[in-house]
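K.L.:
To be precise about what I am sending: the file is called start-v6.cif and holds mmCIF, C-alpha atoms.
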data_final
#
loop_
_atom_site.label_atom_id
_atom_site.label_comp_id
_atom_site.auth_asym_id
_atom_site.auth_seq_id
_atom_site.Cartn_x
_atom_site.Cartn_y
_atom_site.Cartn_z
CA LYS A 140 119.97 100.04 93.99
CA GLN A 141 117.13 98.69 96.10
CA GLU A 142 113.97 97.58 94.30
CA VAL A 143 110.79 96.57 96.10
CA THR A 144 108.02 94.56 94.48
CA GLN A 145 104.56 93.76 95.78
CA ILE A 146 102.31 90.98 94.59
CA PRO A 147 99.44 90.92 93.91
CA ALA A 148 98.69 94.43 92.70
CA ALA A 149 95.06 94.01 93.70
CA LEU A 150 93.18 91.55 95.86
CA SER A 151 89.49 91.13 96.59
CA VAL A 152 88.31 88.84 99.40
CA PRO A 153 85.06 88.20 101.28
CA GLU A 154 84.78 89.46 104.82
CA GLY A 155 86.20 87.17 107.48
CA GLU A 156 88.86 85.61 105.29
CA ASN A 157 92.51 85.49 106.32
CA LEU A 158 94.91 86.86 103.72
CA VAL A 159 98.58 87.38 102.95
CA LEU A 160 100.20 90.25 101.12
CA ASN A 161 103.67 89.72 99.68
CA CYS A 162 106.66 92.03 99.42
CA SER A 163 110.09 91.28 97.99
CA PHE A 164 113.27 93.36 97.94
CA THR A 165 116.48 92.97 95.99
CA ASP A 166 119.08 94.20 98.49
CA SER A 167 119.06 92.34 101.80
CA ALA A 168 121.17 95.05 103.46
CA ILE A 169 118.19 96.82 104.94
CA TYR A 170 117.85 98.68 108.23
CA ASN A 171 114.20 97.75 108.60
CA LEU A 172 111.10 96.86 106.63
CA GLN A 173 107.90 98.84 107.10
CA TRP A 174 104.29 98.27 106.15
CA PHE A 175 101.98 101.21 105.53
CA ARG A 176 98.32 101.62 104.77
CA GLN A 177 96.96 104.27 102.42
CA ASP A 178 93.28 105.09 102.17
CA PRO A 179 91.99 106.79 99.01
CA GLY A 180 92.94 110.46 98.95
CA LYS A 181 94.83 110.17 102.22
CA GLY A 182 98.39 109.99 103.42
CA LEU A 183 100.22 106.92 104.62
CA THR A 184 99.73 105.38 108.04
CA SER A 185 102.49 103.25 109.52
CA LEU A 186 101.23 99.76 110.45
CA LEU A 187 104.22 97.67 111.40
CA LEU A 188 107.99 98.05 111.46
CA ILE A 189 110.34 95.05 111.52
CA GLN A 190 113.98 95.71 112.37
CA SER A 191 116.54 93.83 110.31
CA SER A 192 117.35 91.63 113.31
CA GLN A 193 113.72 90.63 113.85
CA ARG A 194 111.64 87.94 112.20
CA GLU A 195 108.15 89.27 112.80
CA GLN A 196 105.97 91.89 114.41
CA THR A 197 102.34 91.72 115.45
CA SER A 198 99.70 94.35 116.03
CA GLY A 199 96.15 93.20 116.60
CA ARG A 200 94.97 91.23 113.57
CA LEU A 201 98.13 92.13 111.64
CA ASN A 202 101.30 90.08 111.56
CA ALA A 203 104.32 90.98 109.46
CA SER A 204 107.24 88.65 108.86
CA LEU A 205 110.71 89.29 107.49
CA ASP A 206 113.14 86.89 105.83
CA LYS A 207 116.19 88.93 104.87
CA SER A 208 118.05 86.02 103.31
CA SER A 209 115.32 85.49 100.74
CA GLY A 210 114.47 89.18 100.45
CA ARG A 211 110.85 88.72 101.42
CA SER A 212 108.28 90.08 103.82
CA THR A 213 104.64 89.16 104.25
CA LEU A 214 101.74 90.94 105.88
CA TYR A 215 99.12 88.60 107.28
CA ILE A 216 95.67 89.98 108.01
CA ALA A 217 93.41 87.79 110.08
CA ALA A 218 89.63 87.84 109.93
CA SER A 219 89.49 90.61 107.35
CA GLN A 220 86.87 93.35 107.64
CA PRO A 221 85.49 95.84 105.10
CA GLY A 222 87.34 98.57 107.02
CA ASP A 223 90.61 96.90 106.03
CA SER A 224 90.00 97.93 102.42
CA ALA A 225 92.91 100.16 101.43
CA THR A 226 96.23 100.07 99.60
CA TYR A 227 99.01 98.40 101.53
CA LEU A 228 102.59 99.45 100.83
CA CYS A 229 105.81 97.94 102.02
CA ALA A 230 109.04 99.89 102.15
CA ALA A 231 112.65 98.99 102.85
CA LEU A 232 114.78 101.44 104.81
CA ASP A 233 118.40 101.57 103.76
CA PRO A 234 121.07 101.47 106.49
CA GLY A 235 122.92 104.54 105.28
CA SER A 236 122.87 107.93 106.92
CA ALA A 237 120.29 109.18 104.46
CA ARG A 238 117.77 106.58 105.71
CA GLN A 239 116.03 106.39 102.39
CA LEU A 240 112.77 104.43 102.14
CA THR A 241 112.21 102.50 98.92
CA PHE A 242 108.55 101.69 98.37
CA GLY A 243 106.80 98.92 96.52
CA SER A 244 103.91 99.80 94.24
CA GLY A 245 101.34 98.55 96.72
CA THR A 246 98.55 96.00 96.91
CA GLN A 247 95.03 97.36 96.66
CA LEU A 248 92.87 95.31 99.00
CA THR A 249 89.08 95.18 98.85
CA VAL A 250 87.21 93.29 101.56
CA LEU A 251 83.66 92.59 100.48
CA PRO A 252 80.89 92.60 103.12
CA ASP B 223 97.95 116.47 117.22
CA THR B 224 99.04 115.80 113.65
CA ALA B 225 102.79 115.28 113.45
CA VAL B 226 103.11 116.47 109.85
CA SER B 227 100.87 118.99 108.11
CA GLN B 228 100.88 120.20 104.54
CA THR B 229 99.25 123.10 102.74
CA PRO B 230 97.52 123.36 100.42
CA LYS B 231 95.66 120.06 100.12
CA TYR B 232 94.84 120.76 96.47
CA LEU B 233 96.72 122.93 94.01
CA VAL B 234 95.59 123.57 90.45
CA THR B 235 97.77 125.75 88.26
CA GLN B 236 98.79 126.52 84.73
CA MET B 237 101.87 125.19 83.01
CA GLY B 238 104.86 127.48 83.43
CA ASN B 239 103.83 128.87 86.79
CA ASP B 240 105.92 128.75 89.96
CA LYS B 241 104.31 127.28 93.08
CA SER B 242 105.19 126.23 96.62
CA ILE B 243 103.90 123.54 98.94
CA LYS B 244 104.40 124.01 102.66
CA CYS B 245 105.24 121.31 105.19
CA GLU B 246 105.37 121.67 108.95
CA GLN B 247 106.23 119.13 111.64
CA ASN B 248 105.71 119.43 115.37
CA LEU B 249 107.90 116.60 116.64
CA GLY B 250 111.18 118.47 116.54
CA HIS B 251 112.91 115.83 114.44
CA ASP B 252 115.80 116.68 112.21
CA THR B 253 115.16 114.77 109.03
CA MET B 254 112.32 115.68 106.71
CA TYR B 255 111.47 114.24 103.30
CA TRP B 256 109.51 114.98 100.17
CA TYR B 257 107.96 112.17 98.12
CA LYS B 258 106.12 112.17 94.82
CA GLN B 259 103.29 109.70 94.17
CA ASP B 260 102.44 109.39 90.51
CA SER B 261 99.19 108.38 88.83
CA LYS B 262 100.11 104.72 89.24
CA LYS B 263 100.39 105.27 93.00
CA PHE B 264 104.14 104.65 92.97
CA LEU B 265 105.90 106.59 95.76
CA LYS B 266 109.36 107.87 95.08
CA ILE B 267 111.59 109.92 97.33
CA MET B 268 112.59 113.35 96.04
CA PHE B 269 114.58 114.91 98.87
CA SER B 270 115.65 114.37 102.43
CA TYR B 271 116.82 117.37 104.43
CA ASN B 272 118.80 117.17 107.64
CA ASN B 273 120.05 120.15 109.62
CA LYS B 274 119.80 122.44 106.63
CA GLU B 275 121.81 120.10 104.48
CA LEU B 276 120.34 118.32 101.49
CA ILE B 277 121.15 114.63 101.76
CA ILE B 278 119.40 113.10 98.78
CA ASN B 279 118.37 114.35 95.39
CA GLU B 280 117.02 111.46 93.37
CA THR B 281 117.40 112.68 89.78
CA VAL B 282 114.82 115.34 90.47
CA PRO B 283 114.79 118.24 87.99
CA ASN B 284 116.41 121.37 89.33
CA ARG B 285 113.06 123.10 88.90
CA PHE B 286 112.28 121.50 92.25
CA SER B 287 113.97 122.89 95.34
CA PRO B 288 113.38 122.25 99.04
CA LYS B 289 113.70 125.21 101.36
CA SER B 290 113.86 125.00 105.13
CA PRO B 291 113.32 128.33 106.87
CA ASP B 292 113.61 126.60 110.25
CA LYS B 293 113.78 123.13 111.76
CA ALA B 294 110.00 122.68 111.74
CA HIS B 295 109.47 123.46 108.08
CA LEU B 296 110.54 122.02 104.74
CA ASN B 297 108.78 123.70 101.85
CA LEU B 298 108.87 122.48 98.27
CA HIS B 299 109.27 125.09 95.54
CA ILE B 300 108.58 124.21 91.94
CA ASN B 301 109.50 126.52 89.08
CA SER B 302 108.19 126.44 85.52
CA LEU B 303 105.60 123.75 86.20
CA GLU B 304 105.11 121.06 83.57
CA LEU B 305 102.20 118.72 82.87
CA GLY B 306 104.25 115.79 84.12
CA ASP B 307 104.58 117.40 87.53
CA SER B 308 100.93 116.53 88.23
CA ALA B 309 101.00 114.12 91.16
CA VAL B 310 100.44 113.90 94.88
CA TYR B 311 103.35 115.22 96.92
CA PHE B 312 103.91 113.97 100.46
CA CYS B 313 106.07 115.42 103.18
CA ALA B 314 107.38 113.04 105.85
CA ILE B 315 109.55 112.95 108.95
CA THR B 316 111.48 110.18 110.64
CA SER B 317 110.81 109.30 114.26
CA THR B 318 112.40 106.20 115.84
CA ASP B 319 113.06 104.77 112.38
CA THR B 320 109.41 105.06 111.35
CA GLN B 321 108.36 107.65 108.83
CA TYR B 322 105.26 109.73 109.45
CA PHE B 323 103.60 111.21 106.41
CA GLY B 324 101.62 114.34 105.87
CA PRO B 325 98.18 114.15 104.24
CA GLY B 326 99.56 115.00 100.80
CA THR B 327 99.10 117.82 98.30
CA ARG B 328 97.43 116.95 95.00
CA LEU B 329 99.03 119.09 92.32
CA THR B 330 97.30 119.40 88.96
CA VAL B 331 99.06 121.23 86.16
CA LEU B 332 96.81 122.30 83.29
#
Could you take the file, read its structure, and then write that structure out as structure tokens?
P.N.:
Amino acid sequence: KQEVTQIPAALSVPEGENLVLNCSFTDSAIYNLQWFRQDPGKGLTSLLLIQSSQREQTSGRLNASLDKSSGRSTLYIAASQPGDSATYLCAALDPGSARQLTFGSGTQLTVLP
Amino acid sequence: DTAVSQTPKYLVTQMGNDKSIKCEQNLGHDTMYWYKQDSKKFLKIMFSYNNKELIINETVPNRFSPKSPDKAHLNLHINSLELGDSAVYFCAITSTDTQYFGPGTRLTVL
């Protein structure tokens, strides 16, 4: 059964700093790995999706990498801004027909102005 | 336009009651999901529903039942509510391997 872990659980950084969020998964047989953002009291917003055959994806100041062999993914945020403050969740999509997403517990990021 | 909508946004009810949460999607996709997010913010899948067939039931109590009156809707019915059912419930759909989530329904059982 897939298990997804995110470290750290919380992170506080000053504005402008570059940062890395970590995600690890136990079963490398994934269809893709997705990163989401959740603002307080809101739903989830999809940020980046990395297919199992890919190594990384970029969107603006965000870069996500995937290393299936080691069961790890990272989300790199460049030049952080207070508006980046949110909880970031990674999720592994299983390759079966059910397409089940297994989520990590999230990293709560606070960017201080 | 919002791909996935849920109603109500907040639901406060007494223990033992029966309640429903509605979910509607406007993308015409087949697979819809229900997730539960507990007080520790951990998201766990409850159901996925594809073409009127339940695909997954992750050890969810049978007090919970998804009902799909048509392709655009997957409603969550909960019978005999318990205190431990208090959580935020999210509906989601899959589109090109990405899941799109509704805004969530915060259920509080008193």
K.L.:
Would you list the contacts of Phe312 in chain B as a list in words, taking every protein, DNA or RNA residue within 8 Å and counting only C-alpha atoms, but skipping same-chain residues closer than 6 positions in sequence?
P.N.:
Gly182 of chain A; Trp256, Tyr257, Lys258, Gln259, Phe323, Gly324, Pro325, Gly326 and Thr327 of chain B
K.L.:
List the spatial neighbours of Thr249 in chain A as a list in words - criterion: any atom at most 7 Å away, all atoms listed in the file, same-chain residues fewer than 5 positions off excluded.
P.N.:
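Non-adjacent residues within range: Leu150, Ser151, Val152, Ser224 and Ala225 of chain A.
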K.L.:
For the PyMOL selection byres ((chain A) within 12 of (chain B)), applied here, can you spell out every residue it catches as a ChimeraX atom specification?
P.N.:
/A:140,142-145,148,170-191,226-247
K.L.:
What does the PyMOL selection byres ((chain B and resi 293) around 10) select in this file, as a ChimeraX atom specification?
P.N.:
/B:246-248,250-254,271-274,290-292,294-296
K.L.:
Do you have the CA of Glu156 in chain A-CA of Leu201 in chain A distance handy?
P.N.:
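Computing it gives 13.0 Å between the two atoms.
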K.L.:
So how far away is CA of Pro288 in chain B from CA of Leu233 in chain B, in Å?
P.N.:
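Taking CA of Leu233 in chain B and CA of Pro288 in chain B, their separation equals 17.4 Å.
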K.L.:
Decode the PyMOL selection byres ((chain B and resi 286) around 8) for the given file into explicit residues and return them as a PyMOL selection string.
P.N.:
chain B and resi 282-285+287-288+298-301
K.L.:
Report the distance between CA of Val234 in chain B and CA of Val331 in chain B in Å, rounded to one decimal place.
P.N.:
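Between these atoms lies a distance of 6.0 Å.
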